[in-house]
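Just work-v3.tsv here, TSV, C-alpha atoms and all ligand atoms:
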chain	number	residue	atom	x	y	z
R	1	MET	CA	11.10	25.61	10.40
R	2	HIS	CA	8.19	23.36	11.41
R	3	PRO	CA	5.74	22.87	8.48
R	4	ILE	CA	2.90	24.41	10.53
R	5	THR	CA	4.93	27.57	11.26
R	6	LYS	CA	6.00	27.72	7.62
R	7	ALA	CA	2.39	27.39	6.41
R	8	ILE	CA	1.12	30.07	8.79
R	9	ARG	CA	3.87	32.53	7.79
R	10	THR	CA	3.71	31.87	4.02
R	11	GLN	CA	1.94	34.84	2.47
R	12	VAL	CA	1.34	36.88	-0.69
R	13	PRO	CA	4.01	39.65	-0.79
R	14	ARG	CA	2.84	42.72	1.19
R	15	THR	CA	1.52	45.61	-0.96
R	16	ASN	CA	2.24	49.33	-0.41
R	17	GLU	CA	-0.78	49.46	1.93
R	18	MET	CA	1.24	47.48	4.51
R	19	GLU	CA	-1.67	45.15	5.30
R	20	HIS	CA	-1.13	42.30	7.79
R	21	SER	CA	-3.78	39.87	6.49
R	22	SER	CA	-3.53	38.95	2.78
R	23	PRO	CA	-5.51	41.17	0.41
R	24	LEU	CA	-8.02	39.62	-1.98
R	25	PHE	CA	-7.05	39.70	-5.66
R	26	LEU	CA	-10.45	39.58	-7.35
R	27	THR	CA	-9.31	39.99	-10.92
R	28	SER	CA	-9.79	37.81	-13.98
R	29	SER	CA	-6.56	38.90	-15.66
R	30	PHE	CA	-3.27	40.72	-14.97
R	31	CYS	CA	-1.59	43.62	-16.79
R	32	PHE	CA	1.81	43.95	-18.45
R	33	ASP	CA	3.90	47.07	-18.84
R	34	ASN	CA	4.91	46.23	-22.38
R	35	ALA	CA	4.67	43.71	-25.22
R	36	GLU	CA	7.98	42.07	-24.36
R	37	ASP	CA	6.93	41.29	-20.74
R	38	MET	CA	3.65	39.87	-22.03
R	39	ARG	CA	5.43	37.73	-24.64
R	40	ALA	CA	7.84	36.40	-22.01
R	41	ALA	CA	4.99	35.47	-19.66
R	42	PHE	CA	3.14	33.59	-22.40
R	43	ALA	CA	6.38	31.84	-23.36
R	44	ASP	CA	6.69	30.59	-19.73
R	45	GLU	CA	9.98	32.51	-19.40
R	46	THR	CA	8.62	34.28	-16.28
R	47	ASP	CA	6.20	33.31	-13.48
R	48	ASP	CA	4.09	36.44	-13.97
R	49	ASN	CA	0.33	35.99	-13.53
R	50	ILE	CA	-1.55	36.12	-16.84
R	51	TYR	CA	-5.12	35.02	-16.22
R	52	SER	CA	-6.84	33.65	-13.09
R	53	ARG	CA	-7.70	30.35	-14.79
R	54	PHE	CA	-3.92	29.74	-14.88
R	55	SER	CA	-2.80	31.37	-11.62
R	56	ASN	CA	-3.80	33.99	-9.06
R	57	PRO	CA	-1.92	35.32	-5.99
R	58	ASN	CA	-4.57	34.10	-3.50
R	59	VAL	CA	-4.70	30.67	-5.09
R	60	GLN	CA	-0.89	30.50	-5.11
R	61	GLU	CA	-0.74	31.43	-1.41
R	62	PHE	CA	-3.19	28.62	-0.61
R	63	VAL	CA	-1.18	26.14	-2.72
R	64	ASP	CA	2.12	27.22	-1.14
R	65	ARG	CA	0.68	26.72	2.34
R	66	ILE	CA	-0.63	23.25	1.42
R	67	CYS	CA	2.78	22.37	-0.04
R	68	ALA	CA	4.44	23.45	3.23
R	69	LEU	CA	2.05	21.28	5.27
R	70	GLU	CA	2.25	18.23	2.99
R	71	GLY	CA	6.00	18.54	2.29
R	72	ALA	CA	5.22	18.76	-1.45
R	73	GLU	CA	7.38	20.10	-4.30
R	74	ALA	CA	4.42	21.68	-6.09
R	75	GLY	CA	0.63	21.89	-6.19
R	76	TYR	CA	-2.43	23.09	-8.06
R	77	ALA	CA	-5.75	24.16	-6.53
R	78	THR	CA	-9.14	23.41	-8.06
R	79	ALA	CA	-12.77	24.45	-7.64
R	80	SER	CA	-13.77	21.35	-5.62
R	81	GLY	CA	-12.35	18.12	-4.27
R	82	MET	CA	-13.88	16.20	-7.16
R	83	SER	CA	-12.21	18.40	-9.77
R	84	ALA	CA	-8.89	17.70	-8.01
R	85	VAL	CA	-9.53	13.94	-8.10
R	86	PHE	CA	-10.74	14.06	-11.73
R	87	ALA	CA	-7.82	16.22	-12.91
R	88	SER	CA	-5.32	13.86	-11.27
R	89	PHE	CA	-6.82	10.99	-13.31
R	90	MET	CA	-7.34	12.77	-16.63
R	91	ALA	CA	-3.95	14.47	-16.70
R	92	LEU	CA	-1.96	11.36	-15.86
R	93	LEU	CA	-3.92	8.44	-17.38
R	94	LYS	CA	-4.71	7.72	-21.01
R	95	SER	CA	-6.79	5.26	-22.99
R	96	GLY	CA	-5.51	1.73	-22.41
R	97	ASP	CA	-4.17	2.48	-18.90
R	98	HIS	CA	-5.36	0.62	-15.82
R	99	LEU	CA	-6.11	2.14	-12.41
R	100	LEU	CA	-5.94	0.16	-9.18
R	101	SER	CA	-8.25	1.46	-6.50
R	102	CYS	CA	-10.19	0.37	-3.43
R	103	ASN	CA	-13.75	-0.78	-2.98
R	104	ALA	CA	-13.96	1.82	-0.21
R	105	ILE	CA	-13.83	5.28	-1.80
R	106	PHE	CA	-16.04	8.37	-1.72
R	107	GLY	CA	-19.30	7.97	-3.75
R	108	SER	CA	-18.56	10.54	-6.50
R	109	THR	CA	-15.02	9.17	-6.92
R	110	HIS	CA	-16.59	5.70	-7.29
R	111	THR	CA	-18.81	7.13	-10.08
R	112	VAL	CA	-15.79	8.68	-11.83
R	113	VAL	CA	-13.79	5.45	-11.63
R	114	THR	CA	-16.57	3.07	-12.66
R	115	LYS	CA	-18.68	5.17	-15.06
R	116	ILE	CA	-16.62	8.05	-16.46
R	117	LEU	CA	-13.04	6.76	-16.85
R	118	PRO	CA	-14.19	3.64	-18.81
R	119	LYS	CA	-15.73	6.00	-21.41
R	120	TYR	CA	-12.17	7.16	-22.13
R	121	GLY	CA	-10.77	3.62	-22.27
R	122	ILE	CA	-9.28	3.70	-18.75
R	123	GLU	CA	-9.81	0.38	-16.97
R	124	TYR	CA	-9.97	-0.18	-13.24
R	125	THR	CA	-9.81	-2.94	-10.63
R	126	TYR	CA	-11.02	-2.60	-7.06
R	127	VAL	CA	-9.02	-4.26	-4.31
R	128	GLU	CA	-9.97	-4.71	-0.67
R	129	ALA	CA	-8.99	-1.80	1.55
R	130	GLY	CA	-8.16	-4.01	4.52
R	131	ASN	CA	-5.89	-6.46	2.69
R	132	VAL	CA	-2.92	-4.76	0.99
R	133	SER	CA	-1.01	-8.05	0.67
R	134	SER	CA	-3.57	-9.14	-1.97
R	135	TRP	CA	-3.15	-6.01	-4.12
R	136	GLU	CA	-0.06	-7.13	-6.07
R	137	LYS	CA	-2.08	-9.87	-7.83
R	138	ALA	CA	-4.33	-7.18	-9.34
R	139	ILE	CA	-1.46	-5.23	-10.94
R	140	ARG	CA	-1.37	-5.60	-14.75
R	141	PRO	CA	1.26	-4.63	-17.34
R	142	ASN	CA	-0.85	-1.52	-18.17
R	143	THR	CA	-1.44	-0.45	-14.53
R	144	LYS	CA	-0.32	3.15	-14.17
R	145	MET	CA	-1.69	4.45	-10.87
R	146	ILE	CA	-2.86	3.34	-7.42
R	147	TYR	CA	-5.55	5.60	-5.98
R	148	LEU	CA	-6.78	5.30	-2.40
R	149	GLU	CA	-8.28	7.11	0.58
R	150	THR	CA	-7.11	6.56	4.12
R	151	PRO	CA	-9.12	6.76	6.32
R	152	THR	CA	-11.81	5.79	3.82
R	153	ASN	CA	-15.13	7.62	3.55
R	154	PRO	CA	-17.43	6.60	5.20
R	155	GLY	CA	-16.13	3.22	6.48
R	156	LEU	CA	-12.93	4.50	8.18
R	157	ASP	CA	-10.68	1.70	6.92
R	158	ILE	CA	-7.00	2.54	7.36
R	159	ILE	CA	-4.57	1.53	4.61
R	160	ASP	CA	-0.86	1.10	5.33
R	161	LEU	CA	0.69	3.86	3.21
R	162	GLU	CA	4.29	2.62	3.55
R	163	GLU	CA	3.26	-0.84	2.38
R	164	VAL	CA	1.33	0.47	-0.63
R	165	ALA	CA	4.16	2.92	-1.46
R	166	SER	CA	6.69	0.09	-1.62
R	167	LEU	CA	4.34	-1.85	-3.92
R	168	ALA	CA	3.93	1.24	-6.13
R	169	ARG	CA	7.71	1.74	-6.27
R	170	LYS	CA	8.34	-1.91	-7.14
R	171	HIS	CA	5.94	-1.70	-10.14
R	172	ASN	CA	6.74	1.91	-11.09
R	173	LEU	CA	3.18	3.13	-10.40
R	174	ILE	CA	1.99	6.58	-9.35
R	175	LEU	CA	0.60	6.46	-5.79
R	176	ASN	CA	-2.20	9.03	-5.48
R	177	VAL	CA	-3.73	9.44	-1.99
R	178	ASP	CA	-6.93	11.28	-1.03
R	179	ASN	CA	-5.83	12.76	2.31
R	180	CYS	CA	-9.14	14.53	2.99
R	181	PHE	CA	-10.13	12.73	6.22
R	182	ALA	CA	-6.77	12.90	7.98
R	183	THR	CA	-5.83	16.41	6.68
R	184	PRO	CA	-2.23	17.51	6.07
R	185	VAL	CA	-1.73	18.15	9.80
R	186	GLY	CA	-2.82	14.60	10.72
R	187	GLN	CA	-1.02	12.55	8.09
R	188	ARG	CA	1.74	13.23	5.51
R	189	PRO	CA	1.42	10.61	2.73
R	190	LEU	CA	4.25	12.10	0.61
R	191	GLU	CA	6.70	11.47	3.46
R	192	LEU	CA	5.56	7.85	3.51
R	193	GLY	CA	6.22	7.38	-0.21
R	194	ALA	CA	3.14	8.67	-2.06
R	195	ASP	CA	3.65	10.69	-5.26
R	196	LEU	CA	0.52	12.83	-5.01
R	197	VAL	CA	-2.08	13.84	-2.44
R	198	VAL	CA	-5.51	15.21	-3.28
R	199	HIS	CA	-7.87	17.05	-0.95
R	200	SER	CA	-11.42	18.17	-0.78
R	201	ALA	CA	-10.62	21.52	0.87
R	202	THR	CA	-14.38	21.88	1.32
R	203	LYS	CA	-14.12	19.67	4.44
R	204	TRP	CA	-11.71	20.17	7.35
R	205	ILE	CA	-9.50	22.67	5.52
R	206	ASP	CA	-12.34	25.18	5.31
R	207	GLY	CA	-13.68	23.75	8.55
R	208	GLN	CA	-16.67	26.03	8.68
R	209	GLY	CA	-18.85	24.78	5.82
R	210	ARG	CA	-18.54	27.93	3.69
R	211	VAL	CA	-16.87	27.24	0.33
R	212	LEU	CA	-15.91	24.46	-2.07
R	213	GLY	CA	-12.30	23.84	-3.00
R	214	GLY	CA	-9.77	21.19	-3.89
R	215	VAL	CA	-6.02	20.83	-4.19
R	216	ILE	CA	-3.44	18.39	-5.54
R	217	ALA	CA	0.14	18.41	-4.25
R	218	GLY	CA	3.22	16.28	-4.79
R	219	ARG	CA	5.90	15.53	-7.39
R	220	LYS	CA	6.76	18.53	-9.55
R	221	ASP	CA	6.76	16.60	-12.86
R	222	LEU	CA	3.26	15.19	-12.20
R	223	ILE	CA	1.91	18.56	-11.01
R	224	LYS	CA	3.21	20.14	-14.22
R	225	ASP	CA	1.04	17.76	-16.30
R	226	ILE	CA	-1.93	18.42	-14.00
R	227	TYR	CA	-1.39	22.19	-14.30
R	228	LEU	CA	-1.27	22.00	-18.12
R	229	PHE	CA	-4.49	19.94	-18.14
R	230	CYS	CA	-6.29	22.33	-15.76
R	231	ARG	CA	-5.02	25.50	-17.39
R	232	SER	CA	-6.80	24.52	-20.61
R	233	THR	CA	-9.86	22.73	-19.19
R	234	GLY	CA	-10.72	25.31	-16.51
R	235	PRO	CA	-11.45	23.79	-13.05
R	236	ALA	CA	-9.63	26.73	-11.38
R	237	LEU	CA	-10.26	27.65	-7.74
R	238	SER	CA	-11.75	31.15	-7.36
R	239	ALA	CA	-9.61	33.81	-5.69
R	240	PHE	CA	-12.30	34.39	-3.07
R	241	ASN	CA	-12.50	30.72	-2.08
R	242	ALA	CA	-8.70	30.51	-2.01
R	243	TRP	CA	-8.56	33.53	0.31
R	244	ILE	CA	-11.04	31.84	2.69
R	245	LEU	CA	-9.29	28.46	2.55
R	246	SER	CA	-5.81	29.92	2.96
R	247	LYS	CA	-6.80	31.81	6.11
R	248	SER	CA	-8.40	28.61	7.46
R	249	LEU	CA	-5.07	26.79	7.17
R	250	GLU	CA	-3.68	29.04	9.94
R	251	THR	CA	-6.02	27.35	12.43
R	252	LEU	CA	-6.18	23.85	10.94
R	253	ASP	CA	-3.80	22.21	13.43
R	254	VAL	CA	-5.55	23.50	16.57
R	255	ARG	CA	-8.98	22.82	15.12
R	256	MET	CA	-8.10	19.24	14.18
R	257	GLU	CA	-6.71	18.58	17.63
R	258	ARG	CA	-10.06	19.53	19.19
R	259	HIS	CA	-12.14	17.70	16.54
R	260	ALA	CA	-10.11	14.56	17.24
R	261	ILE	CA	-10.49	14.89	21.02
R	262	ASN	CA	-14.28	15.21	20.62
R	263	ALA	CA	-14.53	12.31	18.15
R	264	HIS	CA	-12.37	10.07	20.37
R	265	GLN	CA	-14.44	10.93	23.44
R	266	LEU	CA	-17.70	10.12	21.62
R	267	ALA	CA	-16.26	6.87	20.25
R	268	LYS	CA	-15.17	5.72	23.72
R	269	ALA	CA	-18.54	6.57	25.27
R	270	LEU	CA	-20.64	4.90	22.53
R	271	GLU	CA	-18.50	1.86	21.73
R	272	HIS	CA	-20.46	-0.62	23.89
R	273	HIS	CA	-23.93	0.92	23.54
R	274	PRO	CA	-26.56	-1.87	23.22
R	275	LYS	CA	-28.16	-0.31	20.09
R	276	ILE	CA	-24.80	-0.25	18.29
R	277	THR	CA	-23.47	-3.43	16.64
R	278	TRP	CA	-19.99	-2.06	15.96
R	279	LEU	CA	-18.27	1.31	16.13
R	280	LYS	CA	-15.10	2.38	14.36
R	281	TYR	CA	-12.65	5.13	15.28
R	282	PRO	CA	-9.01	4.82	14.16
R	283	PHE	CA	-7.52	5.54	17.60
R	284	LEU	CA	-9.69	3.00	19.47
R	285	ALA	CA	-7.83	-0.23	20.21
R	286	SER	CA	-10.85	-2.14	18.83
R	287	HIS	CA	-10.41	-0.66	15.32
R	288	PRO	CA	-9.25	-3.47	13.00
R	289	HIS	CA	-6.41	-1.29	11.64
R	290	HIS	CA	-5.55	0.48	14.90
R	291	ARG	CA	-1.84	-0.41	14.68
R	292	ILE	CA	-1.54	1.16	11.21
R	293	ALA	CA	-3.46	4.25	12.34
R	294	LEU	CA	-1.05	4.79	15.25
R	295	LYS	CA	1.91	4.39	12.87
R	296	GLN	CA	0.84	6.93	10.25
R	297	MET	CA	-1.65	9.33	11.85
R	298	LYS	CA	-1.01	12.04	14.43
R	299	ASN	CA	-4.54	11.67	15.84
R	300	GLY	CA	-7.64	9.64	14.96
R	301	GLY	CA	-9.31	12.50	13.04
R	302	GLY	CA	-12.76	13.98	13.49
R	303	ILE	CA	-14.95	11.20	12.09
R	304	LEU	CA	-16.42	8.13	13.77
R	305	CYS	CA	-18.91	5.68	12.34
R	306	PHE	CA	-21.13	2.96	13.75
R	307	GLU	CA	-23.73	0.41	12.73
R	308	LEU	CA	-27.19	0.61	14.29
R	309	ALA	CA	-28.55	-2.80	15.28
R	310	GLY	CA	-31.98	-1.87	13.85
R	311	GLY	CA	-30.69	-1.36	10.26
R	312	LEU	CA	-32.13	1.02	7.64
R	313	GLU	CA	-35.28	2.11	9.51
R	314	SER	CA	-33.29	2.78	12.70
R	315	GLY	CA	-30.94	4.97	10.68
R	316	ARG	CA	-33.83	7.17	9.56
R	317	LYS	CA	-35.26	7.32	13.09
R	318	PHE	CA	-31.84	8.21	14.49
R	319	LEU	CA	-31.52	11.19	12.13
R	320	ASP	CA	-35.09	12.30	12.90
R	321	SER	CA	-34.45	12.19	16.66
R	322	LEU	CA	-31.30	14.33	16.72
R	323	GLN	CA	-31.83	17.81	18.11
R	324	LEU	CA	-28.34	19.31	18.09
R	325	LEU	CA	-26.35	17.59	15.34
R	326	SER	CA	-27.03	18.87	11.82
R	327	LEU	CA	-28.46	16.75	9.01
R	328	THR	CA	-26.49	18.02	6.04
R	329	ALA	CA	-24.45	16.64	3.15
R	330	ASN	CA	-21.06	17.70	4.43
R	331	LEU	CA	-18.41	16.86	7.01
R	332	GLY	CA	-15.50	18.65	8.62
R	333	ASP	CA	-17.45	21.59	10.03
R	334	SER	CA	-17.15	23.33	13.40
R	335	ARG	CA	-20.76	22.15	13.90
R	336	SER	CA	-21.27	18.39	14.28
R	337	ILE	CA	-23.02	16.51	11.50
R	338	ALA	CA	-24.70	13.09	11.33
R	339	SER	CA	-25.33	11.19	8.11
R	340	HIS	CA	-26.95	7.91	7.12
R	341	PRO	CA	-25.51	6.92	3.72
R	342	ALA	CA	-27.97	4.04	3.02
R	343	SER	CA	-31.02	6.37	3.02
R	344	THR	CA	-29.30	9.42	1.49
R	345	THR	CA	-26.04	9.53	-0.54
R	346	HIS	CA	-26.19	5.83	-1.47
R	347	ALA	CA	-30.01	5.40	-1.57
R	348	LYS	CA	-30.08	4.98	-5.37
R	349	LEU	CA	-27.86	1.87	-5.21
R	350	SER	CA	-29.33	-1.58	-4.62
R	351	GLU	CA	-28.59	-3.20	-1.24
R	352	GLN	CA	-26.15	-5.51	-3.05
R	353	GLU	CA	-24.33	-2.55	-4.63
R	354	ARG	CA	-24.20	-0.75	-1.29
R	355	LEU	CA	-22.68	-3.75	0.45
R	356	ALA	CA	-20.08	-4.04	-2.33
R	357	VAL	CA	-18.81	-0.58	-1.32
R	358	ASN	CA	-19.18	-1.30	2.42
R	359	ILE	CA	-22.35	0.73	3.03
R	360	THR	CA	-24.31	-1.32	5.55
R	361	PRO	CA	-28.04	-0.53	6.23
R	362	GLY	CA	-27.58	1.01	9.68
R	363	LEU	CA	-24.28	2.82	9.04
R	364	ILE	CA	-24.14	6.26	10.70
R	365	ARG	CA	-21.24	8.67	10.15
R	366	ILE	CA	-20.61	11.38	12.71
R	367	SER	CA	-18.42	14.35	11.92
R	368	ALA	CA	-17.46	15.69	15.34
R	369	GLY	CA	-17.54	19.47	15.51
R	370	LEU	CA	-16.06	21.88	18.03
R	371	GLU	CA	-19.02	21.92	20.46
R	372	TYR	CA	-18.60	20.51	23.97
R	373	ALA	CA	-18.36	16.73	23.66
R	374	ASP	CA	-20.83	16.13	26.51
R	375	ASP	CA	-23.54	18.06	24.67
R	376	LEU	CA	-22.93	15.98	21.54
R	377	LEU	CA	-22.98	12.76	23.53
R	378	GLN	CA	-26.29	13.65	25.23
R	379	ASP	CA	-27.89	14.36	21.84
R	380	ILE	CA	-26.65	11.09	20.34
R	381	LEU	CA	-27.71	9.07	23.41
R	382	GLN	CA	-31.26	10.46	23.40
R	383	ALA	CA	-31.54	9.75	19.63
R	384	LEU	CA	-30.28	6.19	20.16
R	385	GLU	CA	-33.01	5.63	22.75
R	386	LYS	CA	-35.63	6.36	20.08
R	387	CYS	CA	-34.37	4.01	17.38
H	401	LIG	C1	-12.85	11.68	0.79
H	401	LIG	C2	-13.46	12.69	-0.14
H	401	LIG	N1	-12.84	12.97	-1.29
H	401	LIG	C3	-13.36	13.86	-2.17
H	401	LIG	C4	-14.55	14.50	-1.91
H	401	LIG	C5	-15.11	15.46	-2.92
H	401	LIG	O1	-14.97	16.77	-2.50
H	401	LIG	P1	-15.87	18.00	-2.99
H	401	LIG	O2	-17.23	17.78	-2.41
H	401	LIG	O3	-15.15	19.18	-2.46
H	401	LIG	O4	-15.91	17.96	-4.49
H	401	LIG	C6	-15.22	14.24	-0.71
H	401	LIG	C7	-16.50	14.92	-0.41
H	401	LIG	O5	-17.20	14.55	0.53
H	401	LIG	C8	-14.66	13.32	0.21
H	401	LIG	O6	-15.26	13.03	1.37

Would you encode the structure as structure tokens?
Amino acid sequence: MHPITKAIRTQVPRTNEMEHSSPLFLTSSFCFDNAEDMRAAFADETDDNIYSRFSNPNVQEFVDRICALEGAEAGYATASGMSAVFASFMALLKSGDHLLSCNAIFGSTHTVVTKILPKYGIEYTYVEAGNVSSWEKAIRPNTKMIYLETPTNPGLDIIDLEEVASLARKHNLILNVDNCFATPVGQRPLELGADLVVHSATKWIDGQGRVLGGVIAGRKDLIKDIYLFCRSTGPALSAFNAWILSKSLETLDVRMERHAINAHQLAKALEHHPKITWLKYPFLASHPHHRIALKQMKNGGGILCFELAGGLESGRKFLDSLQLLSLTANLGDSRSIASHPASTTHAKLSEQERLAVNITPGLIRISAGLEYADDLLQDILQALEKC
């Protein structure tokens, strides 16, 4: 069965009510008929639900669907993308270990890697996203994991997953990939040799800007350690959010197709605009990693980014001039969103620090929604005229 069919048809067992859509199991805990059944569940001799911090039918349905889409052996869902990222580090790394990551990663992940992990004795080295052949030099005897995003947020660098996977295999490292931008219907890192994928389900998986969620999927032995860490530390996904996110997975493939068509159309129309210094979209031939994108992605995804010739002040003017696109701290919504990292998410960093993580002064990120592309283009063009 195709993974998309399998994901759409994977469902919580039907109750006596004979419902078609999955019911919502809003319960903190689950009952047992007798002491022996309860003992067996606590002894891990059965898979019975005990407590919703450990497992819940809605959460399990969401995880099973993600596993079908990613081709994963197992998974665990968390309350947000960041709790998925954090759990994958804390469950699998210990004091004295070394993490290899990229200088191009999401801002909160950057904070975790550079400020929080060192407090627990976990060292890190950043390597350049665009130059995988230089990564081997940074591997140390205590390196345990490679963590990367592809495409990266917000710079849209594409990293060759097969190349990194063969490096990880050679040095016996865990390859952990944030697959948030491409989504499981646009890219399958596990098939290309990764051991784990993490997602912010808050983005394209929800796709309508309603709830937070995260998920980790991959090798069963690694997921078991992540599950044991989460079961005791408590970043569980709520049943309600899981119910929302699971239903959203039924439409993810068709939604992503349309998001990608819109983003590609905008990228083509804006690429040579005089107020834009450069524009990146993975499926444009001008993208520096276009060849890799074609090899590992089904489409170019829903995000494009560009640099405004006028720098920081132009970025602010651009946001102020938009009439249709939303100014909001999210991406992956049915409604298009524009953001200017230098004056918002990364404003607290010095210019030097921003450049070190590839945030240039006039960088604009567009998350293409499901509106008509021409309407989006007209809005962006009139805003460009004013900056
Ligand atoms: C690539 C990437 N990873 C992780 C996260 C964190 O996800 P959440 O906001 O759901 O915690 C984000 C959020 O924007 C993201 O873009």

With a cut-off of 6 Å, could you pull out the residues of chain R touching ligand LIG 401 (chain H) and give me the nearest pair of atoms for each, distance in Å to one decimal, using only C-alpha atoms and all ligand atoms, ordered by chain and ascending number, as a tab-separated table?
residue	atom	partner	partner_atom	distance
R:Ser80	CA	H:LIG401	O3	4.1
R:Gly81	CA	H:LIG401	O1	3.4
R:Met82	CA	H:LIG401	O4	3.8
R:Phe106	CA	H:LIG401	C1	5.2
R:Asn153	CA	H:LIG401	C1	5.4
R:Cys180	CA	H:LIG401	C1	5.2
R:Ser200	CA	H:LIG401	O1	4.2
R:Thr202	CA	H:LIG401	O3	4.7
R:Leu212	CA	H:LIG401	O3	5.3
R:Gly213	CA	H:LIG401	O3	5.5
R:Gly214	CA	H:LIG401	O3	5.9

- Message: Show me, as a PyMOL selection string, the residues that have an atom within 10 Å of Ser246 in chain R when counting only C-alpha atoms, minus same-chain residues fewer than 4 positions from it.
- Response: chain R and resi 7-8+10-11+22+58-66+201+205-206+240-242+250-251

With range 363-369 of chain R as the partner and 10 Å as the cut-off, tabulate the residues of range 219-307 of chain R that qualify, each row holding the nearest pair of atoms and their distance in Å to one decimal, using only C-alpha atoms, sorted by chain and rising number, as a tab-separated table.
residue	atom	partner	partner_atom	distance
R:Arg255	CA	R:Gly369	CA	9.2
R:Met256	CA	R:Gly369	CA	9.5
R:Arg258	CA	R:Gly369	CA	8.3
R:His259	CA	R:Gly369	CA	5.8
R:Ala260	CA	R:Ala368	CA	7.7
R:Ile261	CA	R:Ala368	CA	9.0
R:Asn262	CA	R:Ala368	CA	6.2
R:Ala263	CA	R:Ala368	CA	5.3
R:His264	CA	R:Ala368	CA	9.1
R:Gln265	CA	R:Ala368	CA	9.9
R:Leu266	CA	R:Ala368	CA	8.4
R:Ala267	CA	R:Ile366	CA	9.8
R:Ile276	CA	R:Leu363	CA	9.8
R:Thr277	CA	R:Leu363	CA	9.9
R:Trp278	CA	R:Leu363	CA	9.5
R:Leu279	CA	R:Ile364	CA	9.4
R:Lys280	CA	R:Arg365	CA	9.7
R:Gly301	CA	R:Ala368	CA	9.0
R:Gly302	CA	R:Ala368	CA	5.3
R:Ile303	CA	R:Ser367	CA	4.7
R:Leu304	CA	R:Ile366	CA	5.4
R:Cys305	CA	R:Arg365	CA	4.4
R:Phe306	CA	R:Ile364	CA	5.4
R:Glu307	CA	R:Leu363	CA	4.4

- Who sits within 7 Å of Gly207 in chain R, only C-alpha atoms, same chain under 3 positions skipped, as a PyMOL selection string: chain R and resi 203-204+332-334

- Message: Between CA of Leu252 in chain R and CA of Arg219 in chain R, what distance in Å does the model show, to one decimal?
- Response: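 Rounded to one decimal, the two atoms are 23.5 Å apart.
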
- Note on the structure: CA of Asp48 in chain R to CA of Phe30 in chain R measures 8.6 Å

- Task: Skip Thr78 in chain R itself and residues of its chain fewer than 6 positions away, then list as a ChimeraX atom specification all residues within 12 Å of it, counting only C-alpha atoms.
- Result: /R:52-56,59-60,62-63,84-88,198-202,212-217,226-227,229-231,233-239,241-242,245

- Message: Ranking R:Thr5, R:Thr328, R:Ser336, R:Ser321 by minimum distance to Asp253 in chain R and counting only C-alpha atoms, which one comes first?
- Response: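 Ranked by minimum distance to Asp253 in chain R, first place goes to R:Thr5.
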
- Task: Rank nothing, just name the residue among R:Ala41, R:Val357, R:Val197, R:Ala373 nearest to His110 in chain R, using all atoms listed in the file.
- Result: R:Val357

- Looking at all atoms listed in the file, which of R:Leu249, R:Ile158, R:Leu331, R:Leu381 is the one that sits closest to Gly300 in chain R?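 Distance minimum relative to Gly300 in chain R lands on R:Ile158.
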
- In Å, how far is it from CA of Val211 in chain R to CA of Gly75 in chain R?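 Spanning CA of Val211 in chain R to CA of Gly75 in chain R is a straight-line distance of 19.4 Å.
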